[in-house]
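A short write-up of the structure that comes next.
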Amino acid sequence: MANINDNYLKLAGSYLFRETARRRAAFIETHPEADVISLGIGDVTLPLPQACIQAMHKAVDEMASADTFRGYGPEQGYSFLVDKIIENNYKGLGIEADEVFVSDGAKSDCGNIQEIFSTDNTIAITDPVYPVYLDTNVMAGRTGTLQPDGRYQGVTYLACNAENNFCPELPEKPVDLIYLCCPNNPTGTTLTREQLKKWVDYALEHDSIILFDAAYNAYITEEDVPRTIFEIPEAKNCAIEFRSFSKTAGFTGTRCGYIVLPKTVTGKAADGSRQALNPLWNRRHTTKFNGTAYIIQRGAEAIFTPEGKAQV
Ligand SMILES: *Cc1c(COP(=O)(O)O)cnc(C)c1O
């Protein structure tokens with residue numbers, strides 16, 4: 001008999017975004033004069049930068065000719081893109097090419113990363129936040145059941161509300177995996193260098209890993225807000241960063257993102273030894289993923305050209 005993964009039955013009945021859409025529609029119905037700021041699911045509104053379009057057209061033509069055609073590429077991404085990512089987004093931070101994994105987007109990465117961690121780990125998420133972190137951990141069995149208050153047993157929720165200016169406070173009890181979305185979806189909260197350093201210090205002190213979703217990093221304008229968690233040097237021992245071209249360059253339908261996982265980030269094995277996470281993720285990524293399409297990676301590369309940057 002094929003038994004199912006019962007954890008799926010713990011998931012809240014309707015996907016969060018369907019519920020927010022329903023409530024929004026109901027509210028607008030009864031308050032037609034209201035100017036609603038929706039924190040539900042959205043999408044980008046402009047087409048791709050012209051530089052990306054041109055690069056992708058060229059890549060399509062390459063696919064038509066035997067001497068320029070590309071089949072399977074490196075699962076971790078082509079070096080033409082990885083090198084641009086490092087040069088533009090991690091310059092001077094000591095990130096190496098084999099610490100970057102190009103993917104089909106941050107949603108899959110945020111959801112899949114938990115596979116390399118034991119199901120015994122405890123997790124902390126800010127409240128509210130992008131729901132993928134929670135739901136993927138429910139699926140994996142890292143939570144108890146859904147309670148009447150809409151929260152899962154065993155999850156540490158870090159309140160972000162008007163009282164704390166939507167800025168999460170450190171967990172009271174130690175947790176193993178901490179999801180930080182910065183700038184936060186949906187609140188827009190960012191953490192200054194000083195605030196982020198506190199989280200890194202906390203993670204190092206408690207042997208926790210920070211899963212840092214920087215999908216909106218392109219929207220940061222403040223000088224004292226790090227663009228990447230790796231601007232805090234110690235983060236190279238305790239953090240994994242998720243990036244996406246979706247919100248940066250309108251790639252929501254085109255699909256491209258990446259993970260940065262330094263080789264110095266480690267976790268504990270059952271035998272007590274320290275193990276680097278990078279080779280585990282490399283194994284997972286190359287076993288279950290065959291790389292982002294060549295054409296799309298050429299499109300992403302074009303974001304880093306002078307025209308691409310200007311158009312973004
Ligand atoms: C949109 C979004 C993602 C998903 O990005 P994709 O690369 O399109 O999968 C991940 N995290 C947050 C916080 C987002 O808002």
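By convention in this document, the chains of the structure tokens carry letters A, B, ... by their order, each chain's residues are numbered from 1, and ligands are numbered from 1 in the order they are shown.
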
At most 6 Å is the cut-off: for each residue in chain A with any atom that close to an atom of ligand 1, write down the nearest atom pair and the distance in Å rounded to one decimal, counting only C-alpha atoms and all ligand atoms, chain first then increasing number, as CSV.
residue,atom,partner,partner_atom_place_in_ligand_line,distance
A:Gly105,CA,ligand 1,7 (O),3.3
A:Ala106,CA,ligand 1,7 (O),3.8
A:Lys107,CA,ligand 1,9 (O),3.6
A:Tyr130,CA,ligand 1,13 (C),5.3
A:Cys181,CA,ligand 1,13 (C),5.9
A:Asn185,CA,ligand 1,13 (C),5.0
A:Asp213,CA,ligand 1,11 (N),5.9
A:Ala215,CA,ligand 1,11 (N),5.2
A:Ser244,CA,ligand 1,7 (O),4.3
A:Ser246,CA,ligand 1,8 (O),4.8
A:Thr252,CA,ligand 1,8 (O),4.7
A:Gly257,CA,ligand 1,7 (O),5.2

With all heavy atoms retained, could you export that selection as a CSV table (one decimal), in the first residue's frame?
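Output file part38.csv is given in full below:
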chain,number,residue,atom,x,y,z
A,105,GLY,N,14.6,30.1,-9.6
A,105,GLY,CA,14.0,31.1,-8.8
A,105,GLY,C,14.1,30.8,-7.3
A,105,GLY,O,14.4,29.7,-6.9
A,106,ALA,N,13.8,31.9,-6.6
A,106,ALA,CA,14.0,31.8,-5.1
A,106,ALA,C,12.9,31.0,-4.4
A,106,ALA,O,13.1,30.5,-3.3
A,106,ALA,CB,14.0,33.2,-4.5
A,107,LYS,N,11.7,30.9,-5.0
A,107,LYS,CA,10.7,30.1,-4.4
A,107,LYS,C,11.1,28.6,-4.2
A,107,LYS,O,11.0,28.0,-3.2
A,107,LYS,CB,9.4,30.1,-5.2
A,107,LYS,CG,8.2,29.5,-4.4
A,107,LYS,CD,7.0,29.5,-5.3
A,107,LYS,CE,5.7,29.4,-4.5
A,107,LYS,NZ,4.5,29.5,-5.4
A,130,TYR,N,6.4,35.9,3.8
A,130,TYR,CA,6.2,35.0,2.7
A,130,TYR,C,6.0,33.6,3.2
A,130,TYR,O,6.8,33.1,4.0
A,130,TYR,CB,7.5,35.1,1.9
A,130,TYR,CG,7.6,34.4,0.6
A,130,TYR,CD1,6.7,34.7,-0.5
A,130,TYR,CD2,8.6,33.5,0.4
A,130,TYR,CE1,6.9,34.1,-1.7
A,130,TYR,CE2,8.7,32.8,-0.8
A,130,TYR,CZ,7.8,33.2,-1.9
A,130,TYR,OH,8.0,32.5,-3.1
A,181,CYS,N,13.6,37.4,6.0
A,181,CYS,CA,13.2,37.9,4.6
A,181,CYS,C,13.5,39.4,4.7
A,181,CYS,O,12.9,40.1,5.5
A,181,CYS,CB,11.7,37.7,4.4
A,181,CYS,SG,11.2,38.2,2.7
A,185,ASN,N,8.9,40.7,2.8
A,185,ASN,CA,7.6,40.6,2.1
A,185,ASN,C,6.6,40.1,3.2
A,185,ASN,O,6.9,39.0,3.7
A,185,ASN,CB,7.7,39.7,1.0
A,185,ASN,CG,6.4,39.4,0.3
A,185,ASN,OD1,5.4,39.9,0.7
A,185,ASN,ND2,6.4,38.5,-0.7
A,213,ASP,N,16.5,35.5,2.8
A,213,ASP,CA,15.8,35.7,1.6
A,213,ASP,C,15.9,37.2,1.2
A,213,ASP,O,15.3,38.0,1.8
A,213,ASP,CB,14.4,35.3,1.7
A,213,ASP,CG,13.6,35.3,0.3
A,213,ASP,OD1,14.2,35.9,-0.6
A,213,ASP,OD2,12.5,34.8,0.3
A,215,ALA,N,15.2,38.5,-1.8
A,215,ALA,CA,14.5,38.7,-3.1
A,215,ALA,C,14.3,40.2,-3.5
A,215,ALA,O,14.2,40.5,-4.7
A,215,ALA,CB,13.2,37.9,-3.1
A,244,SER,N,16.9,36.5,-6.3
A,244,SER,CA,16.0,36.3,-7.4
A,244,SER,C,16.1,37.4,-8.4
A,244,SER,O,16.3,38.6,-8.0
A,244,SER,CB,14.5,36.2,-6.9
A,244,SER,OG,13.6,36.2,-7.9
A,246,SER,N,13.5,38.0,-10.2
A,246,SER,CA,12.0,38.3,-10.4
A,246,SER,C,11.6,39.7,-10.1
A,246,SER,O,11.0,40.4,-10.9
A,246,SER,CB,11.2,37.4,-9.5
A,246,SER,OG,11.2,36.1,-10.1
A,252,THR,N,9.6,37.3,-13.2
A,252,THR,CA,8.6,36.4,-12.5
A,252,THR,C,8.2,35.2,-13.4
A,252,THR,O,8.0,34.1,-13.0
A,252,THR,CB,7.4,37.1,-12.0
A,252,THR,OG1,6.9,38.0,-13.0
A,252,THR,CG2,7.8,38.0,-10.8
A,257,GLY,N,17.0,32.6,-10.5
A,257,GLY,CA,17.4,33.1,-9.2
A,257,GLY,C,18.7,32.4,-8.8
A,257,GLY,O,19.3,31.6,-9.7

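These are the residues of segment 139-228 of chain A assigned strand (DSSP E or B) by DSSP from backbone coordinates: Leu146, Tyr152, Thr156, Tyr157, Leu158, Ala159, Leu177, Ile178, Tyr179, Leu180, Cys181, Ile209, Ile210, Leu211, Phe212 and Asp213 of chain A.
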
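Compared by their closest atoms to Ile295 of chain A, and using only C-alpha atoms, the residues A:Pro131, A:Pro186, A:Gly144, A:Gly73 rank with A:Gly73 nearest.
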
Practice prompt. Find the spatial neighbours of Gly77 of chain A, counting only C-alpha atoms, within a cut-off of 7 Å - ignore same-chain residues fewer than 5 positions away - and output them as number ranges by chain.
Written response: A: 82, 101-102, 291-292

**Asked** Near Ile95 of chain A, within 7 Å and counting only C-alpha atoms, which residues show up once chain neighbours fewer than 4 positions away are dropped, as a list of chain:residue names?
**Response** A:Ile86, A:Tyr90, A:Glu99, A:Pro262

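The interatomic distance for the pair atom CA of Thr126 of chain A and atom CA of Gly253 of chain A works out to 27.0 Å.
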
Asp104 of chain A surroundings by only C-alpha atoms, 12 Å radius, close-in-sequence under 5 positions cut, as a PDB file with C-alpha atoms, in the first residue's frame:
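New file around-v5.pdb:
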ATOM      1  CA  GLU A  75      23.625  22.401 -13.085  1.00  0.00           C
ATOM      2  CA  GLN A  76      25.063  25.181 -10.916  1.00  0.00           C
ATOM      3  CA  GLY A  77      24.849  27.715 -13.737  1.00  0.00           C
ATOM      4  CA  ASP A 109      15.319  27.404  -3.493  1.00  0.00           C
ATOM      5  CA  CYS A 110      13.645  28.592  -0.264  1.00  0.00           C
ATOM      6  CA  ASN A 112      14.091  22.996  -1.283  1.00  0.00           C
ATOM      7  CA  PHE A 242      18.547  33.516  -1.619  1.00  0.00           C
ATOM      8  CA  ARG A 243      18.351  35.896  -4.556  1.00  0.00           C
ATOM      9  CA  SER A 244      15.952  36.286  -7.424  1.00  0.00           C
ATOM     10  CA  PHE A 245      15.826  38.254 -10.663  1.00  0.00           C
ATOM     11  CA  SER A 246      12.020  38.291 -10.416  1.00  0.00           C
ATOM     12  CA  PHE A 251      11.737  37.740 -14.281  1.00  0.00           C
ATOM     13  CA  THR A 252       8.627  36.361 -12.531  1.00  0.00           C
ATOM     14  CA  GLY A 253       7.572  34.490 -15.657  1.00  0.00           C
ATOM     15  CA  THR A 254      11.076  34.054 -17.070  1.00  0.00           C
ATOM     16  CA  ARG A 255      12.426  32.278 -13.948  1.00  0.00           C
ATOM     17  CA  CYS A 256      15.946  32.740 -12.640  1.00  0.00           C
ATOM     18  CA  GLY A 257      17.446  33.099  -9.189  1.00  0.00           C
ATOM     19  CA  TYR A 258      20.350  31.769  -7.168  1.00  0.00           C
ATOM     20  CA  ILE A 259      21.619  30.670  -3.788  1.00  0.00           C
ATOM     21  CA  HIS A 285      21.018  20.583  -6.681  1.00  0.00           C
ATOM     22  CA  PHE A 289      17.916  19.888 -11.030  1.00  0.00           C
ATOM     23  CA  ASN A 290      19.376  20.048 -14.522  1.00  0.00           C
ATOM     24  CA  GLY A 291      20.143  23.726 -14.692  1.00  0.00           C
ATOM     25  CA  THR A 292      18.336  26.901 -15.677  1.00  0.00           C
ATOM     26  CA  ALA A 293      17.780  27.200 -19.429  1.00  0.00           C
ATOM     27  CA  TYR A 294      20.765  28.612 -21.344  1.00  0.00           C
ATOM     28  CA  ILE A 296      17.278  32.452 -19.657  1.00  0.00           C
ATOM     29  CA  GLN A 297      20.780  32.623 -18.165  1.00  0.00           C
ATOM     30  CA  ALA A 300      19.885  37.243 -16.718  1.00  0.00           C
TER      31      ALA A 300
END

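Look at Leu146 of chain A: the protein and nucleic acid residues within 8 Å of it, using only C-alpha atoms and passing over chain neighbours fewer than 3 places away, are Lys10, Leu11, Ala12, Gly150, Arg151, Tyr152 and Gln153 of chain A.
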
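Picture a line from atom CA of Pro174 of chain A to atom CA of Ile123 of chain A; it runs 9.5 Å.
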
Using DSSP assignments from the backbone, pull out every residue in segment 110-180 of chain A that falls under alpha helix (DSSP H) and give it to me as a list in words. Cys110, Gly111, Asn112, Val132, Tyr133, Leu134, Asp135, Thr136, Asn137, Val138, Met139 and Ala140 of chain A

Neighbouring residues of Ile41 of chain A were defined as those with any atom within 12 Å, considering only C-alpha atoms; residues of the same chain fewer than 4 positions away were excluded. Please report them as a ChimeraX atom specification. /A:15-22,24,37,129-131,185-186

Keeping only C-alpha atoms, take the residues you just selected and write them out as an mmCIF file, in the first residue's frame.
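The resulting out.cif:
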data_model
loop_
_atom_site.group_PDB
_atom_site.id
_atom_site.type_symbol
_atom_site.label_atom_id
_atom_site.label_comp_id
_atom_site.auth_asym_id
_atom_site.auth_seq_id
_atom_site.Cartn_x
_atom_site.Cartn_y
_atom_site.Cartn_z
ATOM 1 C CA TYR A 15 -3.314 28.796 0.287
ATOM 2 C CA LEU A 16 -2.809 32.072 2.142
ATOM 3 C CA PHE A 17 -2.896 34.213 -0.982
ATOM 4 C CA ARG A 18 -6.279 32.867 -2.040
ATOM 5 C CA GLU A 19 -7.649 33.883 1.361
ATOM 6 C CA THR A 20 -6.179 37.413 1.201
ATOM 7 C CA ALA A 21 -7.621 37.827 -2.326
ATOM 8 C CA ARG A 22 -11.019 36.719 -1.053
ATOM 9 C CA ARG A 24 -9.744 41.995 -0.307
ATOM 10 C CA ILE A 37 -3.010 48.673 -0.287
ATOM 11 C CA VAL A 129 6.169 36.712 6.096
ATOM 12 C CA TYR A 130 6.206 35.033 2.679
ATOM 13 C CA PRO A 131 4.441 31.702 3.404
ATOM 14 C CA ASN A 185 7.588 40.621 2.144
ATOM 15 C CA PRO A 186 4.995 41.957 2.994
#

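Proximity to Tyr219 of chain A was assessed for A:Gly188, A:Gly141, A:Pro233, A:Pro32 counting only C-alpha atoms; the smallest distance is recorded for A:Gly188.
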
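The space separating atom CA of Pro47 of chain A from atom CA of Asn217 of chain A comes to 19.7 Å.
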
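Minimum distance to Gln311 of chain A across A:Thr286, A:Thr187, A:Thr248, A:Thr192 (counting only C-alpha atoms) occurs at A:Thr248.
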
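Ranking A:Cys160, A:Leu211, A:Ala269, A:Ala25 by their shortest atom-to-atom distance to Asp120 of chain A, with only C-alpha atoms included, puts A:Ala269 first.
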
If you count only C-alpha atoms, the residue of A:Leu280, A:Val44, A:Ala2, A:Val260 closest to Ala214 of chain A turns out to be A:Val260
